[in-house]
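Novice: File name upload_5.csv; file contents CSV, C-alpha atoms; full text below.
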```csv
chain,number,residue,atom,x,y,z
A,1,MET,CA,103.9,151.9,150.5
A,2,ASN,CA,101.8,151.9,153.7
A,3,TRP,CA,101.2,149.3,156.4
A,4,ASP,CA,97.5,148.8,155.6
A,5,ASP,CA,98.4,147.8,152.0
A,6,LEU,CA,101.1,145.4,153.3
A,7,ARG,CA,98.6,143.8,155.7
A,8,LEU,CA,96.1,143.6,152.8
A,9,LEU,CA,98.7,141.5,150.9
A,10,ILE,CA,98.8,139.0,153.8
A,11,VAL,CA,95.0,138.6,153.5
A,12,VAL,CA,95.3,138.1,149.7
A,13,ALA,CA,97.7,135.3,150.4
A,14,GLY,CA,95.1,133.4,152.4
A,15,HIS,CA,92.3,133.6,149.8
A,16,PRO,CA,91.8,132.3,146.3
A,17,SER,CA,90.4,135.5,144.8
A,18,LEU,CA,90.2,139.3,145.3
A,19,LEU,CA,86.4,138.9,145.5
A,20,GLU,CA,86.9,136.7,148.6
A,21,VAL,CA,89.3,139.2,150.1
A,22,GLY,CA,86.8,142.0,149.5
A,23,ARG,CA,84.1,140.0,151.2
A,24,VAL,CA,86.3,139.2,154.2
A,25,LEU,CA,87.4,142.8,154.7
A,26,GLY,CA,84.1,144.4,153.7
A,27,ILE,CA,85.5,146.5,150.9
A,28,ALA,CA,84.9,146.5,147.1
A,29,THR,CA,86.9,144.3,144.9
A,30,THR,CA,88.0,147.3,142.8
A,31,THR,CA,89.4,148.9,146.0
A,32,VAL,CA,91.4,145.7,146.8
A,33,SER,CA,92.7,145.6,143.2
A,34,ARG,CA,93.7,149.4,143.3
A,35,ARG,CA,95.5,149.0,146.7
A,36,ILE,CA,97.4,145.9,145.4
A,37,ALA,CA,98.4,147.8,142.3
A,38,ALA,CA,99.6,150.7,144.4
A,39,LEU,CA,101.7,148.3,146.6
A,40,GLU,CA,103.2,146.7,143.5
A,41,ALA,CA,104.2,150.2,142.2
A,42,GLY,CA,105.8,151.0,145.5
A,43,VAL,CA,107.7,147.7,145.7
A,44,GLY,CA,108.6,147.8,142.0
A,45,ALA,CA,107.6,144.2,141.4
A,46,GLN,CA,104.5,142.2,140.5
A,47,LEU,CA,103.2,140.6,143.7
A,48,VAL,CA,99.9,139.1,142.7
A,49,HIS,CA,99.2,137.1,139.5
A,50,ARG,CA,95.6,137.4,138.3
A,51,THR,CA,94.0,134.6,136.3
A,52,HIS,CA,90.5,133.8,135.2
A,53,VAL,CA,90.0,131.4,138.1
A,54,GLY,CA,91.5,133.6,140.9
A,55,THR,CA,94.8,135.0,142.2
A,56,VAL,CA,98.1,133.5,143.3
A,57,LEU,CA,101.1,135.2,144.7
A,58,THR,CA,104.2,135.6,142.6
A,59,ALA,CA,107.6,134.6,143.9
A,60,ALA,CA,108.2,138.2,145.0
A,61,GLY,CA,104.8,138.2,146.7
A,62,LYS,CA,105.5,135.0,148.6
A,63,THR,CA,108.8,136.3,149.8
A,64,LEU,CA,107.3,139.6,151.0
A,65,VAL,CA,104.4,137.8,152.8
A,66,ALA,CA,106.8,135.4,154.5
A,67,ALA,CA,108.7,138.4,155.9
A,68,LEU,CA,105.5,140.3,156.8
A,69,GLU,CA,103.5,137.7,158.7
A,70,PRO,CA,105.7,137.5,161.8
A,71,LEU,CA,105.9,141.3,162.0
A,72,ALA,CA,102.1,141.5,161.7
A,73,LEU,CA,101.5,139.1,164.6
A,74,GLU,CA,104.1,140.8,166.8
A,75,LEU,CA,102.6,144.3,166.1
A,76,GLU,CA,99.0,143.2,166.7
A,77,ALA,CA,100.0,141.5,170.0
A,78,THR,CA,101.9,144.6,171.1
A,79,VAL,CA,99.0,146.9,170.3
A,80,ARG,CA,96.6,144.7,172.3
A,81,GLN,CA,99.0,144.6,175.2
A,82,SER,CA,99.5,148.4,175.2
A,83,ALA,CA,95.7,148.9,175.2
A,84,GLY,CA,95.3,146.5,178.1
A,85,ALA,CA,93.2,144.1,176.1
A,86,ASP,CA,95.1,141.1,177.3
A,87,SER,CA,94.7,141.7,181.0
A,88,GLN,CA,91.1,140.3,181.1
A,89,ILE,CA,91.4,137.3,178.7
A,90,GLU,CA,88.9,134.7,180.0
A,91,GLY,CA,86.1,132.4,178.8
A,92,ALA,CA,85.8,129.2,176.8
A,93,ILE,CA,87.3,128.3,173.4
A,94,LYS,CA,86.2,125.3,171.3
A,95,VAL,CA,89.0,123.9,169.2
A,96,SER,CA,88.6,121.4,166.4
A,97,VAL,CA,91.7,119.7,164.9
A,98,ALA,CA,92.6,116.6,163.0
A,99,GLU,CA,93.3,113.7,165.3
A,100,GLY,CA,97.0,113.7,164.4
A,101,LEU,CA,97.4,117.3,165.5
A,102,VAL,CA,96.2,116.7,169.1
A,103,PRO,CA,99.7,116.5,170.7
A,104,LEU,CA,100.7,119.8,169.2
A,105,THR,CA,97.4,121.4,170.0
A,106,LEU,CA,97.7,120.3,173.7
A,107,GLU,CA,101.1,121.9,173.8
A,108,ALA,CA,99.7,125.1,172.5
A,109,ILE,CA,96.8,125.0,175.0
A,110,GLN,CA,99.1,124.3,177.9
A,111,SER,CA,101.4,127.2,177.1
A,112,PHE,CA,98.5,129.6,176.4
A,113,ARG,CA,96.8,128.8,179.8
A,114,THR,CA,100.1,129.5,181.6
A,115,ALA,CA,99.6,133.1,180.5
A,116,HIS,CA,95.8,133.1,180.6
A,117,PRO,CA,94.5,130.7,183.2
A,118,GLY,CA,91.0,132.2,182.9
A,119,VAL,CA,90.6,130.6,179.5
A,120,VAL,CA,89.2,127.0,179.4
A,121,PHE,CA,89.1,124.8,176.3
A,122,GLU,CA,86.9,122.1,174.6
A,123,LEU,CA,88.9,120.0,172.1
A,124,ASP,CA,87.2,118.0,169.3
A,125,ALA,CA,89.4,115.7,167.3
A,126,SER,CA,86.6,113.7,165.6
A,127,HIS,CA,86.3,113.2,161.8
A,128,ARG,CA,82.8,114.9,161.7
A,129,SER,CA,82.4,118.2,160.0
A,130,LEU,CA,81.6,121.0,162.4
A,131,ASP,CA,79.5,124.1,161.6
A,132,MET,CA,81.4,127.1,162.8
A,133,GLY,CA,78.5,129.4,162.1
A,134,LYS,CA,76.5,127.5,164.8
A,135,ASN,CA,79.3,127.9,167.3
A,136,GLU,CA,80.3,124.2,167.1
A,137,ALA,CA,83.9,125.4,167.0
A,138,ASP,CA,85.7,128.7,167.6
A,139,VAL,CA,89.1,127.7,166.1
A,140,ALA,CA,89.6,124.9,163.6
A,141,VAL,CA,92.7,123.6,161.9
A,142,ARG,CA,92.2,121.8,158.6
A,143,MET,CA,94.2,120.5,155.6
A,144,LEU,CA,91.6,121.6,153.2
A,145,GLN,CA,90.8,125.3,152.6
A,146,PRO,CA,87.1,125.9,153.2
A,147,LYS,CA,85.1,127.8,150.7
A,148,SER,CA,82.2,128.9,152.9
A,149,ASP,CA,81.3,132.6,153.3
A,150,GLY,CA,81.7,134.2,156.7
A,151,LEU,CA,85.0,132.5,157.6
A,152,VAL,CA,88.4,134.0,158.4
A,153,VAL,CA,91.0,131.7,156.9
A,154,ARG,CA,94.7,131.9,157.8
A,155,ARG,CA,97.4,129.9,156.0
A,156,ILE,CA,99.6,128.3,158.6
A,157,GLY,CA,102.1,126.5,156.2
A,158,PRO,CA,102.9,123.2,154.6
A,159,VAL,CA,102.8,119.7,156.1
A,160,HIS,CA,105.1,117.2,154.5
A,161,PHE,CA,104.5,113.5,154.3
A,162,GLY,CA,107.1,110.7,154.4
A,163,VAL,CA,107.3,106.9,154.7
A,164,TYR,CA,108.6,105.8,158.1
A,165,MET,CA,109.7,102.5,159.7
A,166,SER,CA,110.8,101.6,163.2
A,167,SER,CA,114.4,102.6,164.0
A,168,GLN,CA,114.8,99.3,165.9
A,169,LEU,CA,114.7,97.4,162.6
A,170,PRO,CA,118.1,97.5,160.8
A,171,LEU,CA,118.0,98.6,157.2
A,172,ALA,CA,120.7,96.2,156.2
A,173,ARG,CA,118.3,93.2,156.3
A,174,PHE,CA,116.2,94.8,153.6
A,175,VAL,CA,117.5,94.7,150.0
A,176,PRO,CA,117.3,96.2,147.5
A,177,ARG,CA,116.9,99.7,148.9
A,178,GLY,CA,115.4,102.7,147.1
A,179,ALA,CA,112.2,102.2,145.2
A,180,GLY,CA,112.3,98.4,145.6
A,181,LEU,CA,112.6,98.6,149.4
A,182,LEU,CA,108.8,99.1,150.1
A,183,ALA,CA,108.0,96.0,148.1
A,184,ARG,CA,109.8,94.0,150.7
A,185,LEU,CA,108.0,95.5,153.7
A,186,ASP,CA,104.6,95.3,155.2
A,187,GLY,CA,102.5,98.4,155.7
A,188,VAL,CA,100.3,100.1,158.2
A,189,VAL,CA,97.5,102.2,156.7
A,190,LEU,CA,94.4,104.2,157.7
A,191,GLY,CA,91.2,102.3,157.1
A,192,GLY,CA,87.5,102.8,157.6
A,193,GLU,CA,86.3,106.3,156.5
A,194,LEU,CA,90.0,107.2,155.8
A,195,ALA,CA,90.8,104.3,153.6
A,196,GLY,CA,90.4,106.4,150.4
A,197,LEU,CA,93.1,108.9,151.3
A,198,LYS,CA,95.7,109.3,148.6
A,199,GLU,CA,98.6,108.4,150.9
A,200,SER,CA,96.9,105.2,152.1
A,201,VAL,CA,96.0,104.1,148.5
A,202,TRP,CA,99.5,104.8,147.4
A,203,LEU,CA,101.2,102.8,150.2
A,204,ARG,CA,98.9,99.9,149.7
A,205,SER,CA,100.1,99.6,146.1
A,206,ARG,CA,103.8,99.8,147.1
A,207,VAL,CA,104.2,97.4,150.1
A,208,ARG,CA,104.3,93.6,150.2
A,209,ALA,CA,101.2,93.4,152.3
A,210,VAL,CA,99.0,95.5,154.6
A,211,ALA,CA,99.7,94.2,158.1
A,212,LEU,CA,97.4,96.5,159.9
A,213,GLN,CA,94.5,98.9,159.2
A,214,THR,CA,93.6,101.5,161.8
A,215,GLN,CA,91.3,104.4,162.0
A,216,THR,CA,93.5,106.9,163.9
A,217,LEU,CA,96.8,108.5,163.0
A,218,GLY,CA,98.0,108.1,166.6
A,219,SER,CA,97.6,104.3,166.5
A,220,LEU,CA,99.2,104.2,163.1
A,221,ILE,CA,102.3,106.0,164.4
A,222,ASP,CA,102.5,103.7,167.4
A,223,ALA,CA,102.2,100.6,165.2
A,224,VAL,CA,105.1,101.8,163.0
A,225,ARG,CA,107.2,102.5,166.1
A,226,ARG,CA,106.6,98.9,167.2
A,227,GLY,CA,107.8,97.5,163.9
A,228,ILE,CA,104.5,96.2,162.6
A,229,GLY,CA,105.0,97.9,159.3
A,230,VAL,CA,105.9,101.1,157.5
A,231,GLY,CA,103.4,104.0,157.3
A,232,VAL,CA,102.9,107.4,155.8
A,233,ILE,CA,103.3,110.0,158.6
A,234,PRO,CA,103.4,113.9,158.6
A,235,ASP,CA,107.0,114.8,159.1
A,236,GLU,CA,106.1,117.7,161.4
A,237,LEU,CA,104.5,115.3,164.0
A,238,VAL,CA,107.6,113.1,164.4
A,239,ARG,CA,110.6,115.2,163.5
A,240,VAL,CA,112.3,114.5,166.9
A,241,ASP,CA,111.0,111.0,167.4
A,242,THR,CA,114.2,108.8,167.6
A,243,ARG,CA,112.0,105.6,167.5
A,244,LEU,CA,111.2,106.2,163.8
A,245,ARG,CA,113.4,106.3,160.6
A,246,ARG,CA,112.3,108.2,157.5
A,247,LEU,CA,112.7,106.1,154.4
A,248,CYS,CA,111.4,108.3,151.6
A,249,ASP,CA,108.8,110.9,150.5
A,250,CYS,CA,105.2,109.8,150.0
A,251,GLU,CA,105.1,110.4,146.2
A,252,ALA,CA,101.3,110.5,146.1
A,253,MET,CA,101.0,113.3,148.8
A,254,PRO,CA,104.4,114.9,149.4
A,255,ARG,CA,102.8,117.9,151.1
A,256,LYS,CA,99.5,119.5,152.1
A,257,THR,CA,98.7,123.0,153.4
A,258,LEU,CA,97.5,123.6,156.9
A,259,TRP,CA,94.8,126.2,157.5
A,260,LEU,CA,93.5,127.9,160.6
A,261,ILE,CA,89.8,128.8,160.4
A,262,MET,CA,87.6,131.1,162.5
A,263,HIS,CA,84.1,132.5,162.0
A,264,GLN,CA,84.1,136.2,161.3
A,265,ARG,CA,81.8,136.9,164.3
A,266,THR,CA,83.9,135.0,166.9
A,267,ALA,CA,87.2,136.1,165.4
A,268,LYS,CA,86.6,139.5,166.9
A,269,LEU,CA,86.7,138.2,170.4
A,270,PRO,CA,90.0,139.0,172.1
A,271,ARG,CA,90.5,135.4,173.6
A,272,ILE,CA,89.8,133.8,170.2
A,273,ARG,CA,92.0,136.1,168.2
A,274,LEU,CA,94.9,135.8,170.7
A,275,PHE,CA,94.7,132.0,170.8
A,276,ALA,CA,94.6,131.9,167.0
A,277,ASP,CA,97.8,133.9,166.9
A,278,HIS,CA,99.4,131.6,169.5
A,279,MET,CA,98.3,128.4,167.8
A,280,THR,CA,99.5,129.7,164.4
A,281,ALA,CA,102.9,130.4,165.8
A,282,HIS,CA,103.1,127.1,167.6
A,283,LEU,CA,102.2,125.1,164.5
A,284,ARG,CA,104.6,127.1,162.3
A,285,ASN,CA,107.4,126.3,164.8
A,286,ALA,CA,106.6,122.6,164.3
A,287,SER,CA,107.3,122.9,160.6
A,288,ALA,CA,110.2,125.3,160.8
A,289,PRO,CA,113.7,124.2,159.9
A,290,ALA,CA,115.8,123.2,162.9
A,291,GLY,CA,117.3,126.2,164.6
A,292,THR,CA,114.5,128.6,163.8
A,293,THR,CA,111.5,129.5,165.9
A,294,VAL,CA,108.5,131.7,165.7
A,295,ALA,CA,107.6,133.0,169.2
A,296,PRO,CA,104.0,132.2,170.1
A,297,GLU,CA,102.0,135.2,171.1
A,298,VAL,CA,100.6,134.8,174.6
```
Is it possible to give me this structure as structure tokens?
Specialist:
Amino acid sequence: MNWDDLRLLIVVAGHPSLLEVGRVLGIATTTVSRRIAALEAGVGAQLVHRTHVGTVLTAAGKTLVAALEPLALELEATVRQSAGADSQIEGAIKVSVAEGLVPLTLEAIQSFRTAHPGVVFELDASHRSLDMGKNEADVAVRMLQPKSDGLVVRRIGPVHFGVYMSSQLPLARFVPRGAGLLARLDGVVLGGELAGLKESVWLRSRVRAVALQTQTLGSLIDAVRRGIGVGVIPDELVRVDTRLRRLCDCEAMPRKTLWLIMHQRTAKLPRIRLFADHMTAHLRNASAPAGTTVAPEV
């Protein structure tokens, strides 16, 4: 085994096929396949399952990647620091995230600027699709993996969805519980352009009535806190919010995958690369089990 092949496995984990991996790294697909085979021989286990539609990691591959990713981030940050690359980090970074991720993104920006005050940010939380090839965004976080060429795509981790109600409302007044509970409650759902989301359609079919439609996740969460109705909310955004009580999983959308995206051209810039590492670690901390942390690289 060698470190380059281990790092290659991390790239494979973030792409649907060896062809895409080759394009991102600028090497032949046969070279990617040969290096993965060599790594599997060294480990003594199959790490990548190849199918006619692409590649997926085996259980052994997922375990190895989970152990490697924090080491890779720490090593790359240490190398940059040793080379003095972090001493002159400055310039602008355009960040695009889903509206619900704004609070976590602001936390990441604040802690990053503490270490690098010369970096300024432009934050876009609109629903419109941005063209990263035209510099409309330097770093984007999405719940759909893009298929466009020329992008660097990093898997951050899962986002889980649950049904929440205000903790000020006593559960004892609602019977029966379990599957029949939602049928006795009103709901708060996303409307407008987001009305067709699976979680919104699912909740509409379960609750007694829709008390409120809103076009932003932030206002949905606030409405649920106030007791207007129950709503589907990403667990990672409200895990420490004592004003909310989790009732059950959202069966239609129990989880999604969060992806960090950069354009190949701008990903080479030190400030972009460093903030991407920092943002990745910050978002992973938000989804990590209680008592575990991933140190953001600053």
Novice: My list of candidates is A:Gly231, A:Ser96, A:Ile156, A:His278. Which is closest to Asp138 of chain A when distances are computed with only C-alpha atoms?
Specialist: A:Ser96
Novice: Could you name the residues that touch Val12 of chain A at 9 Å or less, counting only C-alpha atoms, but leaving out those on the same chain fewer than 4 positions away, as an MDAnalysis selection string?
Specialist: chainID A and resid 7:8 16:18 20:21 48 55:57
Novice: Give me the residues near Ile93 of chain A as an mmCIF file with C-alpha atoms, in the frame of the given file, where near means some atom within 10 Å (using only C-alpha atoms) and where sequence neighbours in that chain fewer than 5 positions away do not count.
Specialist:
```cif
data_model
loop_
_atom_site.group_PDB
_atom_site.id
_atom_site.type_symbol
_atom_site.label_atom_id
_atom_site.label_comp_id
_atom_site.auth_asym_id
_atom_site.auth_seq_id
_atom_site.Cartn_x
_atom_site.Cartn_y
_atom_site.Cartn_z
ATOM 1 C CA VAL A 119 90.600 130.600 179.500
ATOM 2 C CA VAL A 120 89.200 127.000 179.400
ATOM 3 C CA PHE A 121 89.100 124.800 176.300
ATOM 4 C CA GLU A 122 86.900 122.100 174.600
ATOM 5 C CA LEU A 123 88.900 120.000 172.100
ATOM 6 C CA ALA A 137 83.900 125.400 167.000
ATOM 7 C CA ASP A 138 85.700 128.700 167.600
ATOM 8 C CA VAL A 139 89.100 127.700 166.100
ATOM 9 C CA THR A 266 83.900 135.000 166.900
ATOM 10 C CA ARG A 271 90.500 135.400 173.600
ATOM 11 C CA ILE A 272 89.800 133.800 170.200
ATOM 12 C CA PHE A 275 94.700 132.000 170.800
#
```
Novice: One decimal, in Å: what's the spacing between atom CA of Ile10 of chain A and atom CA of Trp259 of chain A?
Specialist: 13.9 Å
Novice: Show me, as an mmCIF file with C-alpha atoms, in the coordinates of the input, the residues that have an atom within 12 Å of segment 108-116 of chain A when counting only C-alpha atoms, minus same-chain residues fewer than 5 positions from it.
Specialist:
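Result saved to part-v4.cif:
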```cif
data_model
loop_
_atom_site.group_PDB
_atom_site.id
_atom_site.type_symbol
_atom_site.label_atom_id
_atom_site.label_comp_id
_atom_site.auth_asym_id
_atom_site.auth_seq_id
_atom_site.Cartn_x
_atom_site.Cartn_y
_atom_site.Cartn_z
ATOM 1 C CA ASP A 86 95.100 141.100 177.300
ATOM 2 C CA SER A 87 94.700 141.700 181.000
ATOM 3 C CA GLN A 88 91.100 140.300 181.100
ATOM 4 C CA ILE A 89 91.400 137.300 178.700
ATOM 5 C CA GLU A 90 88.900 134.700 180.000
ATOM 6 C CA GLY A 91 86.100 132.400 178.800
ATOM 7 C CA ALA A 92 85.800 129.200 176.800
ATOM 8 C CA ILE A 93 87.300 128.300 173.400
ATOM 9 C CA LYS A 94 86.200 125.300 171.300
ATOM 10 C CA VAL A 95 89.000 123.900 169.200
ATOM 11 C CA LEU A 101 97.400 117.300 165.500
ATOM 12 C CA VAL A 102 96.200 116.700 169.100
ATOM 13 C CA PRO A 103 99.700 116.500 170.700
ATOM 14 C CA PHE A 121 89.100 124.800 176.300
ATOM 15 C CA GLU A 122 86.900 122.100 174.600
ATOM 16 C CA LEU A 123 88.900 120.000 172.100
ATOM 17 C CA PRO A 270 90.000 139.000 172.100
ATOM 18 C CA ARG A 271 90.500 135.400 173.600
ATOM 19 C CA ILE A 272 89.800 133.800 170.200
ATOM 20 C CA LEU A 274 94.900 135.800 170.700
ATOM 21 C CA PHE A 275 94.700 132.000 170.800
ATOM 22 C CA ALA A 276 94.600 131.900 167.000
ATOM 23 C CA ASP A 277 97.800 133.900 166.900
ATOM 24 C CA HIS A 278 99.400 131.600 169.500
ATOM 25 C CA MET A 279 98.300 128.400 167.800
ATOM 26 C CA THR A 280 99.500 129.700 164.400
ATOM 27 C CA ALA A 281 102.900 130.400 165.800
ATOM 28 C CA HIS A 282 103.100 127.100 167.600
ATOM 29 C CA LEU A 283 102.200 125.100 164.500
ATOM 30 C CA ARG A 284 104.600 127.100 162.300
ATOM 31 C CA ASN A 285 107.400 126.300 164.800
ATOM 32 C CA ALA A 286 106.600 122.600 164.300
ATOM 33 C CA ALA A 295 107.600 133.000 169.200
ATOM 34 C CA PRO A 296 104.000 132.200 170.100
ATOM 35 C CA GLU A 297 102.000 135.200 171.100
ATOM 36 C CA VAL A 298 100.600 134.800 174.600
#
```
Novice: Any idea what's packed within 9 Å of Leu9 of chain A, counting only C-alpha atoms, ignoring anything in its chain fewer than 6 positions away? Could you give it as a list in words?
Specialist: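 Non-adjacent residues within range: Ile36, Leu39, Leu47, Val48, Gly61, Leu64 and Val65 of chain A.
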Novice: Given all atoms listed in the file as the basis, pick out the residue of A:Ile233, A:Leu217, A:Met262, A:Met165 nearest to Leu130 of chain A.
Specialist: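 For Leu130 of chain A, the nearest of the candidates is A:Met262.
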Novice: Quick one, how far is atom CA of Val11 of chain A from atom CA of Leu260 of chain A?
Specialist: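 So the two atoms, atom CA of Val11 of chain A and atom CA of Leu260 of chain A, lie 12.9 Å apart.
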Novice: Can you work out the spacing between atom CA of Val230 of chain A and atom CA of Glu193 of chain A in Å, to one decimal?
Specialist: 20.3 Å
Novice: Between A:Leu68, A:Ala98, A:Val163, A:Val141, which residue has the minimum interatomic distance to Ser126 of chain A, considering all atoms listed in the file?
Specialist: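 Smallest distance to Ser126 of chain A is found for A:Ala98.
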Novice: Fewer than 3 positions away in the same chain doesn't count, so skip those; otherwise give me all residues within 10 Å of Gly227 of chain A, counting all atoms listed in the file, as a list in words.
Specialist: Met165, Ser166, Ser167, Gln168, Leu169, Asp186, Gly187, Val188, Asp222, Ala223, Val224, Val230, Arg243 and Leu244 of chain A
Novice: Between A:Gly14, A:Val53, A:Val207, A:Arg265, which residue has the minimum interatomic distance to Gly229 of chain A, considering all atoms listed in the file?
Specialist: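 The closest residue to Gly229 of chain A is A:Val207.
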Novice: In terms of the shortest atom-to-atom distance over all atoms listed in the file, which of A:Thr214, A:Arg245, A:Arg184, A:Val201 is closest to Pro170 of chain A?
Specialist: A:Arg245
